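Q: Quick one: this structure, given as structure tokens, is what I'll be asking you about.
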Amino acid sequence: MNAPAAGQSRFHESARAQVAGAATYIDDIPEVRGTLHAAPVCSPVAHGTLLGLDASAALAVPGVRAFISAQDIPGDTLLAAFAHDEPVFAHGTVQFLGQVGGLIVADTVMAARRAARLVKWNVETLPAVLSVHEAHAQQSYVLPPVHVKRGDAQAALQRAPHQLEGTFEVGGQEHFYLEGQIAYVLPLEQNQWWVYSSTQHPGEVQHWVSHALGLPNHAVTVECRRMGGGFGGKETQAGHLAVWAAIAANQLKCPVKLRLDRDDDFLITGKRHPFAYHYRAGFDDSGLLCGLELEMLVNCGFSADLSGPVADRAIFHADNAYYLEDVSISSYRCKTNTQSHTAFRGFGGPQGVIVIERILSDIARTLGLDPLDVRLRNLYSDEVIAPKSETTPERRRDTTHYQMKVEDNILQPLISQLARTSGYRERREQIAAWNAQSPVIKRGIALTPVKFGISFTATLFNQAGALVHVYTDGSVQVNHGGTEMGQGLNTKVAQIVADELGVPFERVLCTAADTSKVPNASATAASSGTDLNGRAAQFAARTVRSNLAAFVAGLDGVGAGSVRFAGGHVTTEKSSRRFEDVVGAAYANRIQLWSDGFYRTPKIHYDKTTLTGRPFYYFSYGAAVSEVAIDTLTGESRVLKVDILHDVGHSINPAIDIGQIEGGFVQGMGWLTTEQLVWDAKGLLRTHAPSTYKIPTTGDVPAHFKVDLWPEPNREDNVHGSKAVGEPPFMLGISVFEALRNAVAQAGGNPEAMNAPATAEEVLRALGE
């Protein structure tokens, strides 16, 4: 009865409803009478001059009501995106195969979809740029290049005893959320609109829809109770569907629903950004990095979307866990004629982490050292590089290349503990012995860490609001600016509020994200959902608790600070009352029983022109050991064992956190093994369905999959001492890729030639070189 809610493994607040099929997603909402259904009209070419669209055949299909195009947009014909470079509907130019030129609206979903395929495109085809190398050669960029330097990398490379140069490419990734992109728009009175959107950012959807309709923001309300997965794919790109459906609803003066078919979802929406790298690394006999020159070519697709901050975060995380003394990083944001790539779990961090992990593994092979020893040698630490002098301050290996000091460093003890508990050293010897007597099946092992910065790099997004309402029966309702996409945000927020008010967890209900309740909310992204919204809800609940404490203190003649809220009771040295009795009495005495709460992340600052400052409030850490096997005849691979030690601070909900670690790891593993995106020479995404795009299944999860939590609370003053957990574990999947490269090396192949994902074909190619 008196146990706190936070720190306990509680069921996800929607778990029972989801298992029973009773949890409502947007396509489950009963449709208002007169609702029509829309389907996108997609470009059949990757690049060209758009001369016109002929919808006459589509309009002749029974049940079809209208064709909606750019000329039907009452507001701006460009989306209200940051770079203002993306048209609502294609007009003038076609920029990728699958670009939406308009909508067919019909009485039924299938009628709309069938008719949409009958619209004829009149396009003068132009050459399409489909690779980052071609875009870079043409200086075709969605945003200007960015360069970050510390020290003199070129001079350091020349002084280094050893040098290593290489190229590497890593592919994109489809979000593959279970619930596809969907929006349902209802007209209200006096030109007001209600939008149901499966979105991670209701505030941005509100802004985009009002912008496209030429209305003030207050005329549009956006609601999202839950998503069936997001992973970043619904941060900006859910806004497209809401805008399209709203334009159709405005034109036809009736409700319109737009739900993408899975194939169309693949073709239209952006992916994780593919990257290509060129690097030169200098190092000494111990494997210590002396200098690094790194070039990143980022495939952004046809528009900027979130490519700027994604590419910036890749720069921030190019160090991962390691100190870079003399370093030069160049990032080119390449414009190609493909879908506009977007946010995805890790938000550029994985693309930064993987390249430094690859470099350190290659250094170890060059020197004949254990890669773990090379990693340990390069870790951030308190080691003094240069002592203080009259003209310069002391320098230690504790400051990032973007000038943020790493103050909460637990890398060395965490990695060492995992190496010990997983038996890494012993298993490495056992694997070498196995490979010596196994001619076909070869094994590999790798231990890789992660250091991941937590906060939006755009400082203004690090704020949140919440409302807490206490009703006269003692039940509590919470509304906050975050969105629930299955990650358990509402569960954690309810635990936090329950403890703040001293009531049972079951008495707290979190309601749908709603722009009319909490305005201007940031996206639920950057792993900051609980950090921001949990703290805002805690502050709101704290205000209500203070009101009640003052009231009870007055009744008992004690100090308000001595009033305790726990176990559903309010207790002083003179009395103990049930929480609901106190609430009822307070209401009768006209005491405010609701409050808002607001939180802004402290300490952070960031100069986006120089990419320096303290963009992150703290770092989350972790490490994984993965053991794999490859078949040298077929290239087939399998993950045999995984051991993870991950830092979540003082966990608010260990079961949810472990679930996030497991899910993030498997998704990262999929990115680097089976999830291959293939565009053909015409710009068509060939891997556009579950039949051709392979995400991991339960059969790919190793039988030995052990996850432990680092016991230390967050050293920064975060809510309940917790740390973010959504994105950091994703990068632990890099251990699988490095283990595969280790196996290829032990089979006599060339792991330096391997790109990601390491499909069977890619493994065979590396074995043959």
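Scheme for the structure tokens: letters A, B, ... for chains in order shown; per-chain residue numbers from 1; ligand numbers from 1 in order shown.
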Counting only C-alpha atoms, what is within 9 Å of A:Gln487, bar same-chain residues fewer than 2 positions away, as a list in words?
A: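 Listed by chain and then number, they are His12, Gly229, Glu484, Met485, Leu489, Asn490, Thr491, Ile656, Asp657, Gly659, Gln660 and Gly726 of chain A.
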Q: Could the residues of stretch 629-718 of chain A that have an atom at most 10 Å from stretch 600-613 of chain A be listed as a Markdown table, each with its closest atom pair and the distance in Å to one decimal, counting only C-alpha atoms and ordered by chain and ascending residue number?
A:
```
| residue | atom | partner | partner_atom | distance |
| --- | --- | --- | --- | --- |
| A:Glu716 | CA | A:Pro602 | CA | 9.8 |
| A:Asp717 | CA | A:Pro602 | CA | 9.3 |
| A:Asn718 | CA | A:Thr601 | CA | 9.1 |
```
Q: Now that the selection is made, can you save its residues with N, CA, C and O atoms as a compact mmCIF listing (two decimals), in the first residue's frame?
A:
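Here's the written file selection-v3.txt:
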```txt
# COMPACT_ATOMS: atom_id res chain seq x y z
N GLU A 716 23.12 14.27 -12.78
CA GLU A 716 22.40 15.54 -12.93
C GLU A 716 21.03 15.43 -12.26
O GLU A 716 20.52 14.33 -12.04
N ASP A 717 20.44 16.58 -11.96
CA ASP A 717 19.16 16.61 -11.24
C ASP A 717 18.02 16.35 -12.21
O ASP A 717 17.23 17.22 -12.53
N ASN A 718 17.94 15.11 -12.67
CA ASN A 718 16.86 14.72 -13.57
C ASN A 718 15.74 14.07 -12.76
O ASN A 718 15.94 13.65 -11.62
```
Q: Write out as a PyMOL selection string all residues of stretch 369-507 of chain A that backbone DSSP assigns to strand (DSSP E or B).
A: chain A and resi 379+384-386+395-396+399+405+441-454+463-470+476-480
Q: Go ahead and write the residues just picked, N, CA and C atoms, as a compact mmCIF listing (two decimals), in the first residue's frame.
A:
```
# COMPACT_ATOMS: atom_id res chain seq x y z
N LEU A 379 39.42 5.91 -24.51
CA LEU A 379 38.27 6.44 -23.78
C LEU A 379 38.51 7.84 -23.24
N VAL A 384 45.75 13.82 -17.87
CA VAL A 384 46.25 15.15 -18.25
C VAL A 384 47.04 15.03 -19.54
N ILE A 385 46.66 15.84 -20.52
CA ILE A 385 47.38 15.87 -21.80
C ILE A 385 48.48 16.92 -21.75
N ALA A 386 48.10 18.09 -21.26
CA ALA A 386 49.04 19.20 -21.17
C ALA A 386 48.84 19.91 -19.85
N ARG A 395 44.91 20.82 -19.85
CA ARG A 395 44.03 20.08 -20.76
C ARG A 395 44.02 18.61 -20.36
N ARG A 396 42.80 18.06 -20.31
CA ARG A 396 42.62 16.64 -20.01
C ARG A 396 41.84 15.97 -21.13
N THR A 399 37.10 16.44 -22.70
CA THR A 399 36.29 17.47 -23.37
C THR A 399 36.07 17.06 -24.83
N LYS A 405 32.43 19.45 -21.75
CA LYS A 405 33.17 18.59 -20.82
C LYS A 405 32.31 17.38 -20.45
N ILE A 441 31.98 -22.79 -40.76
CA ILE A 441 31.34 -21.85 -39.84
C ILE A 441 32.41 -21.14 -39.02
N LYS A 442 32.42 -19.82 -39.12
CA LYS A 442 33.38 -19.02 -38.36
C LYS A 442 32.62 -18.11 -37.40
N ARG A 443 33.23 -17.92 -36.24
CA ARG A 443 32.60 -17.08 -35.23
C ARG A 443 33.39 -15.78 -35.04
N GLY A 444 32.70 -14.80 -34.48
CA GLY A 444 33.33 -13.53 -34.17
C GLY A 444 32.70 -12.93 -32.93
N ILE A 445 33.41 -12.00 -32.29
CA ILE A 445 32.92 -11.37 -31.07
C ILE A 445 33.39 -9.92 -31.06
N ALA A 446 32.59 -9.06 -30.46
CA ALA A 446 32.97 -7.65 -30.32
C ALA A 446 32.27 -7.06 -29.11
N LEU A 447 32.98 -6.14 -28.45
CA LEU A 447 32.40 -5.34 -27.37
C LEU A 447 32.49 -3.89 -27.81
N THR A 448 31.34 -3.23 -27.92
CA THR A 448 31.33 -1.81 -28.28
C THR A 448 30.50 -1.02 -27.26
N PRO A 449 30.95 0.19 -26.94
CA PRO A 449 30.21 1.03 -25.99
C PRO A 449 29.39 2.09 -26.71
N VAL A 450 28.62 2.84 -25.92
CA VAL A 450 27.93 4.01 -26.44
C VAL A 450 27.95 5.11 -25.38
N LYS A 451 28.18 6.31 -25.83
CA LYS A 451 28.00 7.53 -25.03
C LYS A 451 27.06 8.40 -25.85
N PHE A 452 25.87 8.67 -25.34
CA PHE A 452 24.86 9.36 -26.14
C PHE A 452 24.35 10.59 -25.40
N GLY A 453 24.42 11.73 -26.06
CA GLY A 453 23.98 12.98 -25.46
C GLY A 453 22.48 13.11 -25.43
N ILE A 454 21.95 13.55 -24.28
CA ILE A 454 20.50 13.65 -24.10
C ILE A 454 20.09 15.11 -24.02
N GLN A 463 11.82 22.12 -23.61
CA GLN A 463 10.83 22.67 -22.69
C GLN A 463 9.57 21.84 -22.79
N ALA A 464 8.78 21.85 -21.75
CA ALA A 464 7.56 21.03 -21.74
C ALA A 464 6.55 21.60 -20.76
N GLY A 465 5.29 21.29 -21.02
CA GLY A 465 4.21 21.70 -20.13
C GLY A 465 3.30 20.53 -19.81
N ALA A 466 2.56 20.67 -18.72
CA ALA A 466 1.63 19.62 -18.31
C ALA A 466 0.52 20.20 -17.47
N LEU A 467 -0.59 19.50 -17.43
CA LEU A 467 -1.73 19.83 -16.58
C LEU A 467 -2.02 18.65 -15.67
N VAL A 468 -2.27 18.92 -14.40
CA VAL A 468 -2.70 17.88 -13.46
C VAL A 468 -4.00 18.33 -12.83
N HIS A 469 -5.02 17.49 -12.98
CA HIS A 469 -6.35 17.76 -12.42
C HIS A 469 -6.66 16.72 -11.35
N VAL A 470 -6.98 17.17 -10.15
CA VAL A 470 -7.43 16.27 -9.10
C VAL A 470 -8.93 16.47 -8.94
N VAL A 476 -7.08 11.28 -10.39
CA VAL A 476 -6.17 12.28 -10.94
C VAL A 476 -6.07 12.09 -12.45
N GLN A 477 -6.18 13.19 -13.15
CA GLN A 477 -6.00 13.16 -14.60
C GLN A 477 -4.81 14.03 -14.97
N VAL A 478 -3.97 13.50 -15.88
CA VAL A 478 -2.77 14.21 -16.31
C VAL A 478 -2.83 14.40 -17.82
N ASN A 479 -2.47 15.58 -18.27
CA ASN A 479 -2.28 15.81 -19.69
C ASN A 479 -0.94 16.51 -19.86
N HIS A 480 -0.14 16.01 -20.77
CA HIS A 480 1.17 16.62 -20.99
C HIS A 480 1.43 16.70 -22.49
```
Q: Might you pull out every residue within 7 Å of stretch 351-366 of chain A, with only C-alpha atoms counted and same-chain residues fewer than 2 positions away left off, and present them as JSON, numbers by chain?
A: {"A": [275, 287, 314, 315, 317, 318, 319, 320, 348, 349, 368, 369, 370, 371, 374, 375, 734]}
Q: Skip stretch 564-569 of chain A itself and residues of its chain fewer than 5 positions away, then list as a ChimeraX atom specification all residues within 7 Å of it, counting only C-alpha atoms.
A: /A:1-2,501-504,576-579
Q: Skip A:Arg397 itself and residues of its chain fewer than 5 positions away, then list as a PyMOL selection string all residues within 7 Å of it, counting only C-alpha atoms.
A: chain A and resi 323+380-385
Q: Please identify which residues in stretch 134-307 of chain A DSSP calls alpha helix (DSSP H) from the backbone, and express them as JSON, numbers by chain.
A: {"A": [134, 135, 136, 137, 153, 154, 155, 156, 157, 158, 159, 202, 203, 204, 205, 206, 207, 208, 209, 210, 211, 212, 213, 238, 239, 240, 241, 242, 243, 244, 245, 246, 247, 248, 249, 250, 251, 252, 262, 263, 264, 265, 266, 267, 268, 307]}
Q: I'd like to know which of A:Gly301, A:Gly561, A:Gly699, A:Gly233 is closest to A:Tyr141, using only C-alpha atoms.
A: A:Gly301
Q: For A:Ala304, which residue out of A:Leu367, A:Leu36, A:Phe461, A:Pro87 is the nearest one, using only C-alpha atoms?
A: A:Pro87
Q: Using only C-alpha atoms, can you tell me which of A:Glu325, A:Asp285, A:Glu235, A:Glu712 comes closest to A:Asp305?
A: A:Glu235
Q: Find the residues near A:His147: any atom within 7 Å, counting only C-alpha atoms, skip ones fewer than 6 places away on the same chain, and give them as a PDB file with all heavy atoms, in the first residue's frame.
A:
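Once written, selection_31.pdb looks like this:
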```
ATOM      1  N   ILE A 329      36.277  17.336 -39.077  1.00  0.00           N
ATOM      2  CA  ILE A 329      35.092  16.647 -39.584  1.00  0.00           C
ATOM      3  C   ILE A 329      34.371  17.566 -40.567  1.00  0.00           C
ATOM      4  O   ILE A 329      34.079  18.723 -40.243  1.00  0.00           O
ATOM      5  CB  ILE A 329      34.138  16.247 -38.442  1.00  0.00           C
ATOM      6  CG1 ILE A 329      34.859  15.370 -37.421  1.00  0.00           C
ATOM      7  CG2 ILE A 329      32.909  15.522 -38.996  1.00  0.00           C
ATOM      8  CD1 ILE A 329      34.023  15.035 -36.203  1.00  0.00           C
ATOM      9  N   SER A 330      34.094  17.043 -41.746  1.00  0.00           N
ATOM     10  CA  SER A 330      33.333  17.782 -42.756  1.00  0.00           C
ATOM     11  C   SER A 330      32.062  17.009 -43.065  1.00  0.00           C
ATOM     12  O   SER A 330      32.100  15.793 -43.294  1.00  0.00           O
ATOM     13  CB  SER A 330      34.155  17.959 -44.034  1.00  0.00           C
ATOM     14  OG  SER A 330      35.306  18.745 -43.788  1.00  0.00           O
ATOM     15  N   SER A 331      30.941  17.722 -43.060  1.00  0.00           N
ATOM     16  CA  SER A 331      29.632  17.096 -43.280  1.00  0.00           C
ATOM     17  C   SER A 331      28.955  17.770 -44.467  1.00  0.00           C
ATOM     18  O   SER A 331      28.730  18.985 -44.460  1.00  0.00           O
ATOM     19  CB  SER A 331      28.766  17.241 -42.025  1.00  0.00           C
ATOM     20  OG  SER A 331      27.449  16.808 -42.258  1.00  0.00           O
TER      21      SER A 331
END
```
